Each structure stands twice: as C-alpha cells, then as structure tokens.
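Shown next: my_file02.txt, containing compact mmCIF, C-alpha atoms.
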# COMPACT_ATOMS: atom_id res chain seq x y z
CA MET X 96 164.35 28.44 111.41
CA ALA X 97 162.93 30.52 108.57
CA ILE X 98 163.74 28.07 105.75
CA LYS X 99 162.16 24.63 105.91
CA LEU X 100 162.41 21.91 103.28
CA PHE X 101 159.81 19.11 103.42
CA GLY X 102 161.20 16.21 101.44
CA ALA X 103 162.30 12.61 101.17
CA VAL X 104 165.92 11.53 101.33
CA GLY X 105 166.13 9.68 98.00
CA SER X 106 163.88 12.01 96.00
CA THR X 107 165.52 13.68 92.99
CA ALA X 108 163.33 16.76 93.30
CA THR X 109 164.22 17.10 97.00
CA LEU X 110 167.93 16.74 96.11
CA ARG X 111 167.54 19.50 93.53
CA VAL X 112 166.53 21.94 96.25
CA LYS X 113 169.13 20.62 98.73
CA ALA X 114 171.82 21.21 96.10
CA CYS X 115 170.66 24.81 95.69
CA LEU X 116 170.56 25.44 99.44
CA ALA X 117 174.08 24.01 99.74
CA GLU X 118 175.44 26.14 96.87
CA LYS X 119 173.97 29.19 98.58
CA GLY X 120 175.32 28.16 102.00
CA LEU X 121 171.87 28.62 103.52
CA GLU X 122 170.80 27.13 106.85
CA TYR X 123 167.53 25.28 106.83
CA GLU X 124 165.48 22.70 108.68
CA PHE X 125 164.87 19.46 106.82
CA VAL X 126 161.50 17.90 107.62
CA ASN X 127 161.32 14.27 106.52
CA VAL X 128 158.17 13.22 104.70
CA ASP X 129 157.75 9.47 105.17
CA MET X 130 156.50 8.29 101.80
CA SER X 131 156.39 4.66 102.91
CA LYS X 132 153.63 5.73 105.30
CA GLN X 133 151.89 7.77 102.54
CA GLU X 134 152.66 10.94 104.45
CA HIS X 135 152.94 12.83 101.12
CA LYS X 136 149.22 12.17 100.58
CA SER X 137 148.17 13.34 104.05
CA PRO X 138 145.89 16.41 104.26
CA GLU X 139 148.64 18.29 106.09
CA PHE X 140 151.16 17.72 103.31
CA LEU X 141 148.60 18.26 100.53
CA SER X 142 148.07 21.73 101.96
CA ARG X 143 151.75 22.34 101.14
CA ASN X 144 151.78 20.60 97.74
CA PRO X 145 148.32 19.89 96.30
CA PHE X 146 149.83 17.31 93.93
CA GLY X 147 151.05 15.28 96.91
CA GLN X 148 154.68 15.28 95.81
CA VAL X 149 157.93 16.14 97.54
CA PRO X 150 159.42 18.62 98.09
CA ALA X 151 157.49 21.46 99.65
CA PHE X 152 159.23 24.54 101.01
CA GLU X 153 158.75 27.54 103.22
CA ASP X 154 160.77 30.67 103.86
CA GLY X 155 159.06 32.56 106.64
CA ASP X 156 155.48 33.00 105.50
CA LEU X 157 156.21 32.17 101.85
CA LYS X 158 155.14 28.63 100.94
CA LEU X 159 156.22 27.09 97.65
CA PHE X 160 156.32 23.76 95.80
CA GLU X 161 157.83 22.53 92.47
CA SER X 162 161.59 22.11 92.91
CA ARG X 163 162.54 24.38 89.99
CA ALA X 164 160.31 27.19 91.28
CA ILE X 165 161.95 26.83 94.70
CA THR X 166 165.50 26.91 93.28
CA GLN X 167 164.66 29.93 91.12
CA TYR X 168 163.26 31.71 94.19
CA LEU X 169 166.45 30.93 96.14
CA ALA X 170 168.72 31.95 93.26
CA HIS X 171 166.95 35.29 92.70
CA THR X 172 166.41 36.11 96.38
CA TYR X 173 169.78 35.22 97.95
CA THR X 174 171.94 36.80 95.25
CA ASP X 175 174.57 37.93 97.76
CA LYS X 176 175.08 34.51 99.33
CA GLY X 177 177.24 31.63 98.15
CA THR X 178 177.48 30.68 94.46
CA ASP X 179 175.94 32.99 91.88
CA LEU X 180 173.40 30.70 90.21
CA ILE X 181 171.91 33.22 87.82
CA ILE X 182 173.56 35.76 85.51
CA LYS X 183 173.06 39.51 85.96
CA ASP X 184 173.56 40.44 82.31
CA PRO X 185 170.07 40.27 80.73
CA LYS X 186 171.23 38.76 77.41
CA GLN X 187 173.17 36.00 79.16
CA MET X 188 170.27 35.47 81.59
CA ALA X 189 167.98 34.95 78.58
CA ILE X 190 170.29 32.20 77.27
CA LEU X 191 170.45 30.66 80.74
CA ALA X 192 166.62 30.60 80.81
CA VAL X 193 166.64 28.64 77.54
CA TRP X 194 168.84 25.89 79.03
CA ILE X 195 166.78 25.81 82.24
CA GLU X 196 163.80 24.94 80.01
CA VAL X 197 165.88 22.41 78.06
CA GLU X 198 166.58 20.50 81.30
CA SER X 199 162.94 20.72 82.30
CA GLN X 200 161.40 19.78 78.93
CA LYS X 201 164.01 17.58 77.25
CA PHE X 202 166.40 16.08 79.80
CA GLU X 203 163.97 15.47 82.67
CA PRO X 204 161.35 13.31 80.88
CA ALA X 205 163.81 10.73 79.51
CA SER X 206 166.22 10.77 82.45
CA SER X 207 163.55 10.50 85.15
CA LYS X 208 161.92 7.51 83.41
CA LEU X 209 165.34 5.81 83.19
CA ALA X 210 166.13 6.61 86.83
CA TRP X 211 162.80 5.11 87.85
CA GLU X 212 163.31 1.91 85.81
CA LEU X 213 167.02 1.35 86.52
CA ALA X 214 167.66 2.89 89.94
CA TYR X 215 164.43 3.14 91.93
CA LYS X 216 162.53 -0.01 90.82
CA PRO X 217 165.37 -2.38 91.84
CA MET X 218 165.47 -0.61 95.25
CA PHE X 219 161.77 -1.40 95.72
CA GLY X 220 162.05 -4.96 94.41
CA MET X 221 160.09 -4.09 91.26
CA THR X 222 160.84 -5.34 87.73
CA THR X 223 162.53 -3.05 85.21
CA ASP X 224 160.60 -2.56 81.95
CA GLU X 225 163.29 -3.06 79.30
CA ALA X 226 161.13 -1.57 76.52
CA VAL X 227 160.78 1.68 78.47
CA VAL X 228 164.55 1.68 79.09
CA GLU X 229 165.36 1.16 75.42
CA GLU X 230 162.94 3.87 74.28
CA ASN X 231 164.18 6.43 76.77
CA GLU X 232 167.88 5.69 76.30
CA LYS X 233 167.35 6.53 72.60
CA LYS X 234 165.64 9.78 73.57
CA LEU X 235 168.38 10.61 76.07
CA GLU X 236 171.05 9.95 73.42
CA GLN X 237 169.41 12.50 71.13
CA VAL X 238 169.25 15.06 73.93
CA LEU X 239 172.87 14.46 74.93
CA ASP X 240 174.00 14.83 71.30
CA VAL X 241 172.69 18.40 71.51
CA TYR X 242 174.43 18.82 74.88
CA GLU X 243 177.72 17.54 73.41
CA SER X 244 177.56 20.20 70.75
CA ARG X 245 176.60 22.92 73.25
CA LEU X 246 179.31 21.96 75.73
CA SER X 247 181.97 21.94 73.01
CA GLU X 248 181.45 25.71 72.71
CA SER X 249 180.42 26.60 76.25
CA LYS X 250 182.02 25.41 79.48
CA TYR X 251 178.66 25.02 81.20
CA LEU X 252 175.17 24.78 79.72
CA GLY X 253 174.16 28.34 80.56
CA GLY X 254 177.49 29.94 79.74
CA GLU X 255 181.00 30.09 81.12
CA SER X 256 180.06 29.56 84.76
CA PHE X 257 178.09 26.96 86.74
CA THR X 258 174.49 28.08 87.07
CA LEU X 259 171.00 26.89 87.93
CA THR X 260 170.60 24.90 84.73
CA ASP X 261 173.64 22.72 85.45
CA LEU X 262 172.47 22.31 89.05
CA HIS X 263 169.02 21.10 87.99
CA HIS X 264 170.60 18.12 86.21
CA LEU X 265 172.53 16.84 89.21
CA PRO X 266 169.98 14.51 90.86
CA ASN X 267 169.00 12.56 87.75
CA ILE X 268 172.63 12.32 86.56
CA LYS X 269 173.65 11.03 89.99
CA TYR X 270 171.20 8.15 89.76
CA LEU X 271 171.91 7.35 86.12
CA MET X 272 175.67 7.18 86.69
CA GLY X 273 175.00 4.15 88.89
CA THR X 274 173.18 2.32 86.08
CA GLN X 275 173.82 1.00 82.54
CA THR X 276 172.88 4.48 81.24
CA LYS X 277 176.28 5.75 82.41
CA LYS X 278 177.60 4.64 79.01
CA VAL X 279 175.44 7.24 77.27
CA PHE X 280 177.23 10.01 79.17
CA ASP X 281 180.68 8.40 78.84
CA ALA X 282 180.32 8.14 75.06
CA ARG X 283 180.23 11.93 74.75
CA PRO X 284 183.53 13.55 75.86
CA HIS X 285 182.27 17.06 76.62
CA VAL X 286 179.14 15.77 78.35
CA SER X 287 181.23 13.32 80.32
CA ALA X 288 183.67 16.01 81.46
CA TRP X 289 180.84 18.36 82.39
CA ALA X 290 179.04 15.65 84.36
CA ALA X 291 182.22 14.78 86.28
CA ASP X 292 182.82 18.46 86.99
CA ILE X 293 179.39 19.24 88.40
CA LEU X 294 179.16 15.98 90.37
CA SER X 295 182.41 16.83 92.15
CA ARG X 296 181.27 20.23 93.43
CA PRO X 297 181.64 20.44 97.23
CA ALA X 298 178.06 21.70 97.62
CA TRP X 299 176.71 18.67 95.76
CA VAL X 300 178.80 16.31 97.86
CA LYS X 301 177.40 18.04 100.96
CA ALA X 302 173.81 17.85 99.68
CA THR X 303 174.08 14.12 99.05
CA THR X 304 175.83 13.20 102.27
CA THR X 305 173.92 15.21 104.87
CA MET N 90 162.19 44.25 62.34
CA ALA N 91 164.15 43.53 65.52
CA ILE N 92 161.81 40.81 66.84
CA LYS N 93 161.19 37.70 64.75
CA VAL N 94 159.22 34.60 65.70
CA TYR N 95 159.85 31.42 63.71
CA GLY N 96 156.75 29.28 64.18
CA SER N 97 153.63 27.70 62.82
CA ASP N 98 149.91 27.12 63.27
CA PHE N 99 148.99 24.30 65.64
CA SER N 100 152.18 24.93 67.59
CA ILE N 101 151.30 25.53 71.24
CA GLY N 102 154.75 27.00 71.82
CA THR N 103 154.39 29.46 68.96
CA TYR N 104 151.08 30.69 70.35
CA ARG N 105 152.56 31.04 73.82
CA VAL N 106 155.10 33.51 72.39
CA LEU N 107 152.55 35.32 70.20
CA LEU N 108 150.24 35.81 73.21
CA CYS N 109 153.08 37.32 75.18
CA LEU N 110 153.90 39.76 72.39
CA ALA N 111 150.21 40.64 72.04
CA GLU N 112 149.84 41.30 75.81
CA LYS N 113 152.83 43.60 75.54
CA ASP N 114 151.61 45.17 72.27
CA ILE N 115 155.01 44.60 70.68
CA ASP N 116 155.58 44.57 66.91
CA PHE N 117 157.22 41.52 65.42
CA GLU N 118 157.66 39.58 62.20
CA LEU N 119 156.24 36.05 62.03
CA VAL N 120 158.32 33.73 59.87
CA THR N 121 156.34 30.60 59.07
CA VAL N 122 158.20 27.30 59.35
CA HIS N 123 156.58 24.61 57.19
CA LEU N 124 156.38 21.56 59.43
CA ALA N 125 154.73 19.39 56.79
CA SER N 126 157.80 19.63 54.56
CA GLY N 127 160.17 19.01 57.49
CA GLU N 128 161.55 22.53 57.40
CA HIS N 129 162.05 22.43 61.20
CA LYS N 130 164.73 19.77 60.74
CA LYS N 131 166.65 21.75 58.12
CA PRO N 132 170.00 23.39 58.96
CA HIS N 133 168.68 26.98 59.04
CA ILE N 134 166.16 26.09 61.77
CA LEU N 135 168.49 23.67 63.62
CA ALA N 136 170.88 26.60 63.86
CA ARG N 137 168.15 28.41 65.82
CA ASN N 138 166.84 25.43 67.80
CA PRO N 139 169.19 22.45 67.99
CA PHE N 140 166.22 20.20 68.87
CA GLY N 141 164.63 21.01 65.50
CA GLN N 142 161.45 22.42 67.01
CA ILE N 143 159.47 25.60 66.85
CA PRO N 144 159.24 28.30 67.96
CA ALA N 145 162.58 29.99 67.63
CA PHE N 146 162.95 33.68 68.39
CA GLU N 147 165.25 36.59 67.86
CA ASP N 148 165.39 40.11 69.25
CA GLY N 149 168.27 41.87 67.56
CA ASP N 150 171.30 39.71 68.24
CA ILE N 151 169.59 37.65 70.98
CA LYS N 152 168.57 34.25 69.68
CA LEU N 153 166.41 31.99 71.84
CA PHE N 154 164.30 28.83 71.75
CA GLU N 155 161.91 27.04 74.22
CA SER N 156 158.66 29.04 74.31
CA ARG N 157 158.58 29.35 78.12
CA ALA N 158 162.10 30.85 78.13
CA ILE N 159 161.12 33.21 75.33
CA ALA N 160 157.97 34.24 77.23
CA GLN N 161 160.06 34.96 80.35
CA TYR N 162 162.55 36.99 78.30
CA ILE N 163 159.75 39.10 76.77
CA SER N 164 158.09 39.56 80.16
CA ARG N 165 161.28 40.74 81.87
CA THR N 166 162.81 42.76 79.04
CA TYR N 167 159.61 44.62 78.19
CA ALA N 168 158.34 44.84 81.77
CA ASP N 169 157.23 48.44 81.24
CA LYS N 170 155.14 47.71 78.13
CA GLY N 171 151.53 46.54 78.10
CA THR N 172 150.38 43.93 80.61
CA CYS N 173 152.69 43.16 83.51
CA LEU N 174 153.26 39.41 83.25
CA ILE N 175 155.70 38.86 86.13
CA ASN N 176 154.88 40.44 89.49
CA MET N 177 157.34 43.11 90.66
CA ASP N 178 157.08 41.78 94.24
CA PRO N 179 159.59 38.88 94.45
CA LYS N 180 157.41 36.85 96.84
CA LYS N 181 154.39 37.15 94.53
CA ALA N 182 156.63 36.35 91.55
CA ALA N 183 157.75 33.20 93.39
CA LEU N 184 154.11 32.06 93.68
CA GLU N 185 153.61 32.74 89.98
CA ALA N 186 156.75 30.68 89.27
CA VAL N 187 155.20 27.72 91.12
CA TRP N 188 152.22 27.68 88.75
CA ILE N 189 154.44 28.27 85.72
CA GLU N 190 156.18 25.03 86.74
CA VAL N 191 152.80 23.31 87.33
CA GLU N 192 151.84 24.13 83.72
CA ALA N 193 155.24 23.01 82.40
CA HIS N 194 155.01 19.64 84.12
CA HIS N 195 151.56 18.56 85.38
CA PHE N 196 149.28 20.37 82.92
CA ASN N 197 151.57 19.80 79.94
CA ARG N 198 151.83 16.06 80.65
CA ALA N 199 148.06 15.77 81.09
CA THR N 200 147.22 17.54 77.81
CA THR N 201 149.90 16.88 75.18
CA ALA N 202 148.55 13.45 74.19
CA LEU N 203 144.98 14.82 74.07
CA MET N 204 146.13 17.60 71.73
CA TRP N 205 147.68 14.97 69.48
CA GLU N 206 144.69 12.60 69.54
CA LEU N 207 141.92 15.19 69.25
CA CYS N 208 143.49 18.02 67.21
CA MET N 209 146.68 17.06 65.39
CA LYS N 210 145.57 13.66 64.06
CA GLN N 211 142.47 15.29 62.59
CA PHE N 212 144.43 18.18 61.10
CA LEU N 213 147.32 16.13 59.73
CA PHE N 214 145.66 12.85 58.70
CA GLY N 215 141.91 13.44 58.97
CA GLN N 216 141.87 10.74 61.66
CA ASN N 217 139.87 10.49 64.87
CA GLY N 218 141.64 10.06 68.17
CA ASP N 219 142.21 6.63 69.75
CA GLU N 220 139.33 6.23 72.21
CA ASP N 221 141.30 4.23 74.77
CA ILE N 222 144.11 6.77 74.85
CA VAL N 223 141.66 9.67 75.06
CA ASN N 224 139.83 8.04 77.99
CA ALA N 225 143.05 7.36 79.88
CA GLU N 226 144.43 10.85 79.25
CA GLU N 227 141.12 12.47 80.19
CA LYS N 228 141.40 10.93 83.66
CA LYS N 229 144.82 12.57 84.08
CA LEU N 230 143.42 15.93 83.00
CA VAL N 231 140.46 15.68 85.40
CA SER N 232 142.87 14.89 88.23
CA VAL N 233 145.01 17.96 87.43
CA LEU N 234 141.98 20.22 87.05
CA ASP N 235 140.73 19.11 90.49
CA VAL N 236 143.83 20.82 91.89
CA TYR N 237 143.23 23.89 89.72
CA GLU N 238 139.59 24.11 90.90
CA ALA N 239 140.75 24.20 94.51
CA ARG N 240 143.41 26.80 93.73
CA LEU N 241 141.08 29.03 91.70
CA SER N 242 138.41 28.89 94.39
CA GLU N 243 140.81 30.82 96.64
CA SER N 244 142.75 32.85 94.08
CA LYS N 245 141.39 34.80 91.12
CA TYR N 246 144.30 33.76 88.92
CA LEU N 247 146.75 30.88 89.32
CA GLY N 248 149.64 33.00 90.55
CA GLY N 249 147.58 35.34 92.70
CA ASP N 250 145.25 38.32 92.28
CA SER N 251 146.52 39.37 88.87
CA PHE N 252 146.79 37.73 85.46
CA SER N 253 150.37 36.61 84.87
CA LEU N 254 152.59 34.39 82.77
CA ALA N 255 151.30 31.48 84.88
CA ASP N 256 147.83 31.91 83.34
CA LEU N 257 149.04 32.94 79.85
CA SER N 258 151.16 29.82 79.57
CA HIS N 259 148.02 27.67 79.69
CA ALA N 260 145.96 29.59 77.14
CA PRO N 261 147.15 28.01 73.86
CA MET N 262 146.54 24.42 74.95
CA ILE N 263 143.21 25.28 76.60
CA LYS N 264 142.11 27.17 73.49
CA HIS N 265 142.72 24.08 71.34
CA LEU N 266 141.15 21.60 73.76
CA MET N 267 138.04 23.77 74.21
CA GLY N 268 137.36 23.05 70.54
CA THR N 269 137.21 19.31 71.29
CA GLU N 270 135.17 16.94 73.48
CA MET N 271 137.48 17.95 76.35
CA LYS N 272 135.47 21.18 76.64
CA ARG N 273 133.14 19.36 79.03
CA VAL N 274 136.05 18.59 81.38
CA PHE N 275 136.85 22.29 81.74
CA ASP N 276 133.15 23.22 81.92
CA ALA N 277 132.56 20.72 84.74
CA GLN N 278 134.63 22.74 87.24
CA PRO N 279 133.00 26.13 87.96
CA HIS N 280 136.09 28.09 88.99
CA VAL N 281 138.20 26.56 86.22
CA SER N 282 135.43 27.30 83.74
CA ALA N 283 135.20 30.95 84.80
CA TRP N 284 138.99 31.32 84.65
CA VAL N 285 139.09 29.77 81.16
CA ALA N 286 136.40 32.17 79.93
CA ASP N 287 138.32 35.07 81.46
CA ILE N 288 141.74 34.31 79.98
CA LEU N 289 140.44 33.37 76.53
CA SER N 290 138.43 36.58 76.22
CA ARG N 291 141.38 38.85 76.94
CA PRO N 292 141.99 41.30 74.06
CA ALA N 293 145.44 39.82 73.42
CA CYS N 294 143.95 36.32 73.19
CA VAL N 295 141.22 37.52 70.85
CA LYS N 296 143.88 39.23 68.74
CA VAL N 297 145.86 35.99 68.37
CA PHE N 298 142.98 33.47 68.18
CA GLY N 299 139.83 35.42 67.40
CA VAL N 300 136.70 35.69 69.53
CA PRO N 301 135.78 32.49 71.40
CA VAL N 302 132.88 30.92 69.49
CA TYR N 303 131.25 29.00 72.38
Represent the structure contained in this file as structure tokens.
Amino acid sequence: MAIKLFGAVGSTATLRVKACLAEKGLEYEFVNVDMSKQEHKSPEFLSRNPFGQVPAFEDGDLKLFESRAITQYLAHTYTDKGTDLIIKDPKQMAILAVWIEVESQKFEPASSKLAWELAYKPMFGMTTDEAVVEENEKKLEQVLDVYESRLSESKYLGGESFTLTDLHHLPNIKYLMGTQTKKVFDARPHVSAWAADILSRPAWVKATTT
Amino acid sequence: MAIKVYGSDFSIGTYRVLLCLAEKDIDFELVTVHLASGEHKKPHILARNPFGQIPAFEDGDIKLFESRAIAQYISRTYADKGTCLINMDPKKAALEAVWIEVEAHHFNRATTALMWELCMKQFLFGQNGDEDIVNAEEKKLVSVLDVYEARLSESKYLGGDSFSLADLSHAPMIKHLMGTEMKRVFDAQPHVSAWVADILSRPACVKVFGVPVY
C-alpha cells in the first residue's frame, strides 16, 4: 500500500494523522511502533523520524514526520477526496492558517502537558504533578477564553466549515474530556458545543476505534 | 500603504515577518507597538491579536496574527515576487513543511528560554541569565542541533536544495543567540555553522539585521 503510517495506538500525534486519513477516506497501512520496547529509538525508526517520535509517514517514495506537516500534505494533496480540510479562497485560507498556528503554539503546549499529567501518567502508574496541572489549567483557560470569543462569531475555528485546525485539536481534547480539565471546556458554551460537534464526527469515531 | 506590520524590536515573530517581506522585496509600513508600556494588551492591539502579542499584520482588508501564518500568507500570495520561499513542487513543499514544524516545536522549545535568559533579561532589566537554567536549556539545544547537523550534512538547506521558509523561520532566533554564549553551540557543528553563516549573510537578512559582526 502506498500510504503507511508508523505510530503508536495511544499517541495524540498518531491520532492526529489517523483523523486526517479518516476524514479523507484514504486507505493506508498502520505499522505499530512498540514504544514499550523502545522501538521509536531504534536506528530503523530514527531514519524515519530523527527525533525518535511517533508518527512517521510515507506515501510512495515521500517520507515525512511531524503530524501537522503530514496532515497538511494530505489536505493539500488529496483535495478531491473526502472532507475538504483546507479552504480554496486565499483570504479565508490565510485566516485558517492563523488558527492552525494558534492550535500549534497556544493550545498544544498547555493541553499536552495536562494530558500527560492527568491521562497518561495514571495509565503508566506515575504520580500527577498538581503544580503543573494548576499552572497549565490556568493557561488553557486563557486560551479557551479567546476560543469562546472566536467561536461566538464563527461556527468553526477556521471559518464556517470544519477544517484542519479543528481536526488538529481532536486528540488532546479527547484525552482531556476524560479528566478534571473537562470542566474548563464545559464552562464555555461555544467551546463546549464546538468540542461536542467535532468529537462526534464519524471520521473521528472511526479513527479512535480502528 | 496596503501592508502594515505591528511589531517591535526583540520580537522574534516580528523579525520573522520582516525577513519574509525583505526576501520578497515588498514595501510595508512598520507600526511600533510599545511593549514596555503594555501597549500589546490594549484594545486596539487585542482587536488585531486576541492573545495580546506581536506581530499583527494587515494587507488591505486581510488581518492576521501568528508570525508563521503571516510568513506563509506572504510566501503564497506573493509567490512571484523575490525569493521563492515555498517550493512549487508539492512533494518538495511537504519536506519543507516538515522542517517548518520542526522549528515551530523542537527548535522553538529549545531556544525560547535561552532567548529570555541571555537576551531579554539583559535588555529589560540589565540582569544576567540564571546559570542553572542556561545549562539545562543548552543541553536541549545541543540535542536538537545534533539532528540538524545530520540533516544538513545530506541537504544544503533544511527543506532541500533551496533556501525556503523552513530556513528563514529559524533566522531571527539564531541571529539573537549568535550574539550570546550560545554562539559556541552553533559553531561546534560544522554543517550547522556553515548553514547559519549562509542564512544570516543573505541580503534580506543583512537588510533587516545589518551585517553579521562575527
């Protein structure tokens, strides 16, 4: 199969790419990288991602890493398949690009730290650092205040339709909704409605259950 | 003037946008935002960037924030002007996008604290950086640059054979850190060192920052 995704089942970055592949209705081979056996640090995997992180990706002879570079490649390349994840109009695409960066630079740092402390650490029998949780919940609240305002004037973050920027949020939101941080989303009506909407998309359900 | 950049000195993001405009030889108006007086948190700037940060940008009726998004907008919209910053071949552009993400995540995380400790603290408060923090952060930077050294030993630029947004995106932070004790970290890796010298001596970089003094 031309498209291969090298990832780990619980990894948020791997899920980000799986979500994109599902929205596009693309067939691919999933190659499991066994992180418990340090496979992500093996020379073979490092040749695919020199930072030793999942996921890595190939489409024919094109080899990529960094989940958001992979999703952007898929969104720009397979424009005629499945959901349109980018916007053709250049002005609207420019606005979409802004909110792709917002997820990457504002939402990701706080949400990934919280997911690690509250979702992953308990899974591995590690102790949650409450100070880190408190600090990052405050940061997340500030970010989601901006989102609340944005989503009160725009149905989705990038504009009136679901696009790549909304998709990029899905993995971290999924994990946080199973923790105490759910309350931060619930406290903001537009954010809460948006989160419920994107989490219920058939492609996301498929990505998280297969 | 149609294009306006709202920014400030010592703002990596502002420089990222200015470099892009210089590579494209595009006229613009720079509107200085006075960080010291908290102007970036005032309503007229929050209206342009709801996170109260610089830079903010406008091109006619298009209003944007987040320097990397602005840089991509400039690169795509003015593709036919000046330096080509995003490869026309989609597969090559995809490889450039990988290293744009590497800068946004790995490089950014390994350098932001160093910028604060070694540049901003001096500029704002006349203070030296915290030695323990600098030592810890330096290790992160060395680790990231090990990957860059390997990449640049097989590729002239990060994204491929040609200079692109992937390289440009790094220039402002590198420029600032080369003026600090971190210079030796970049100098220690031969391919990284050569790449740094190359990107900082580009006419657009000289136009924005002046001639490198080392």
Closest atom pairs, residues of stretch 184-286 of chain N within 10 Å of stretch 146-166 of chain N, all atoms listed in the file, as JSON lines:
{"residue": "N:Ile189", "atom": "CA", "partner": "N:Arg157", "partner_atom": "CA", "distance": 8.7}
{"residue": "N:Glu190", "atom": "CA", "partner": "N:Arg157", "partner_atom": "CA", "distance": 9.9}
{"residue": "N:Ala193", "atom": "CA", "partner": "N:Arg157", "partner_atom": "CA", "distance": 8.3}
{"residue": "N:Ser253", "atom": "CA", "partner": "N:Ser164", "partner_atom": "CA", "distance": 9.5}
{"residue": "N:Leu254", "atom": "CA", "partner": "N:Ala160", "partner_atom": "CA", "distance": 7.7}
{"residue": "N:Leu257", "atom": "CA", "partner": "N:Ala160", "partner_atom": "CA", "distance": 9.4}
{"residue": "N:Ser258", "atom": "CA", "partner": "N:Arg157", "partner_atom": "CA", "distance": 7.6}
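Relative to atom CA of N:Lys264, atom CA of N:Cys294 is found at 9.3 Å.
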Rows by chain and residue number, chain X within 6 Å of chain N, shortest pair, all atoms listed in the file, as JSON lines:
{"residue": "X:Glu161", "atom": "CA", "partner": "N:Val187", "partner_atom": "CA", "distance": 6.0}
{"residue": "X:Ala164", "atom": "CA", "partner": "N:Val187", "partner_atom": "CA", "distance": 5.1}
{"residue": "X:Tyr168", "atom": "CA", "partner": "N:Ala183", "partner_atom": "CA", "distance": 5.8}
{"residue": "X:Ala189", "atom": "CA", "partner": "N:Tyr162", "partner_atom": "CA", "distance": 5.8}
{"residue": "X:Ala192", "atom": "CA", "partner": "N:Ala158", "partner_atom": "CA", "distance": 5.3}
{"residue": "X:Val193", "atom": "CA", "partner": "N:Ala158", "partner_atom": "CA", "distance": 5.1}
Would you pick out the contacts of stretch 175-182 of chain X at 9 Å or less, using all atoms listed in the file, so that residues sharing its chain but fewer than 2 positions from it are not included, and give the list as a PDB file with C-alpha atoms, keeping the file's coordinate frame?
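Final output, saved to result_7.pdb:
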ATOM      1  CA  CYS X 115     170.660  24.810  95.690  1.00  0.00           C
ATOM      2  CA  ALA X 117     174.080  24.010  99.740  1.00  0.00           C
ATOM      3  CA  GLU X 118     175.440  26.140  96.870  1.00  0.00           C
ATOM      4  CA  LYS X 119     173.970  29.190  98.580  1.00  0.00           C
ATOM      5  CA  GLY X 120     175.320  28.160 102.000  1.00  0.00           C
ATOM      6  CA  LEU X 121     171.870  28.620 103.520  1.00  0.00           C
ATOM      7  CA  GLN X 167     164.660  29.930  91.120  1.00  0.00           C
ATOM      8  CA  ALA X 170     168.720  31.950  93.260  1.00  0.00           C
ATOM      9  CA  HIS X 171     166.950  35.290  92.700  1.00  0.00           C
ATOM     10  CA  THR X 172     166.410  36.110  96.380  1.00  0.00           C
ATOM     11  CA  TYR X 173     169.780  35.220  97.950  1.00  0.00           C
ATOM     12  CA  ASP X 184     173.560  40.440  82.310  1.00  0.00           C
ATOM     13  CA  PRO X 185     170.070  40.270  80.730  1.00  0.00           C
ATOM     14  CA  LYS X 186     171.230  38.760  77.410  1.00  0.00           C
ATOM     15  CA  GLN X 187     173.170  36.000  79.160  1.00  0.00           C
ATOM     16  CA  MET X 188     170.270  35.470  81.590  1.00  0.00           C
ATOM     17  CA  ALA X 189     167.980  34.950  78.580  1.00  0.00           C
ATOM     18  CA  LEU X 191     170.450  30.660  80.740  1.00  0.00           C
ATOM     19  CA  GLY X 253     174.160  28.340  80.560  1.00  0.00           C
ATOM     20  CA  SER X 256     180.060  29.560  84.760  1.00  0.00           C
ATOM     21  CA  PHE X 257     178.090  26.960  86.740  1.00  0.00           C
ATOM     22  CA  THR X 258     174.490  28.080  87.070  1.00  0.00           C
ATOM     23  CA  LEU X 259     171.000  26.890  87.930  1.00  0.00           C
ATOM     24  CA  THR X 260     170.600  24.900  84.730  1.00  0.00           C
ATOM     25  CA  LEU X 262     172.470  22.310  89.050  1.00  0.00           C
TER      26      LEU X 262
END
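Near stretch 202-206 of chain X, within 7 Å and counting all atoms listed in the file, sit Val197, Asn231, Lys234, Leu235, Val238 and Asn267 of chain X; same-chain residues fewer than 5 positions away were not included.
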Original post:
How many Å lie between atom CA of N:Leu289 and atom CA of N:Ala260, rounded to one decimal?
Top reply: 6.7 Å
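Separating atom CA of X:Tyr123 from atom CA of X:Ile98 is a distance of 4.8 Å.
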**OP:** Would you mind telling me which residue in N:Glu206, N:Glu192, N:Asp178, N:Glu238 lies nearest to N:Pro261 when using all atoms listed in the file?
**Re:** N:Glu192
**OP:** Would you please work out which residue, of X:Lys233, X:Phe101, X:Trp289, X:Tyr270, is nearest to X:Thr303 when using all atoms listed in the file?
**Re:** X:Tyr270
Subject >> Residue with smallest distance to X:Thr107 - pool X:Val227, X:Thr274, X:Ala302, X:Val279, counting only C-alpha atoms >> reply: X:Ala302
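Compared by their closest atoms to X:Gly147, and using all atoms listed in the file, the residues X:His135, X:Lys250, X:Lys216, X:His285 rank with X:His135 nearest.
Excluding X:Tyr242 and any residue on its chain fewer than 3 positions from it, the residues at most 8 Å away by all atoms listed in the file are Val238, Leu239, Arg245, Leu246, Leu252 and Val286 of chain X.
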Original post:
Residues at most 12 Å from X:Met221, counting all atoms listed in the file, excluding those fewer than 5 positions away in the same chain, as a ChimeraX atom specification?
Top reply: /X:211-216
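Of the residues under consideration (N:Leu207, N:Val122, N:Leu135, N:Cys109), N:Leu207 shows the shortest atom-to-atom contact distance to N:Met267 when counting only C-alpha atoms.
With only C-alpha atoms as the atoms that count, the minimum distance from N:Val285 to the choices N:Lys170, N:Asp256, N:Gly249, N:Ala91 is reached by N:Asp256.
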Subject >> Residues near X:Leu110, cut-off 10 Å, all atoms listed in the file, skip fewer than 2 positions along chain, as a PyMOL selection string >> reply: chain X and resi 102-108+112-116+150+162+263+265-267+299+302-303
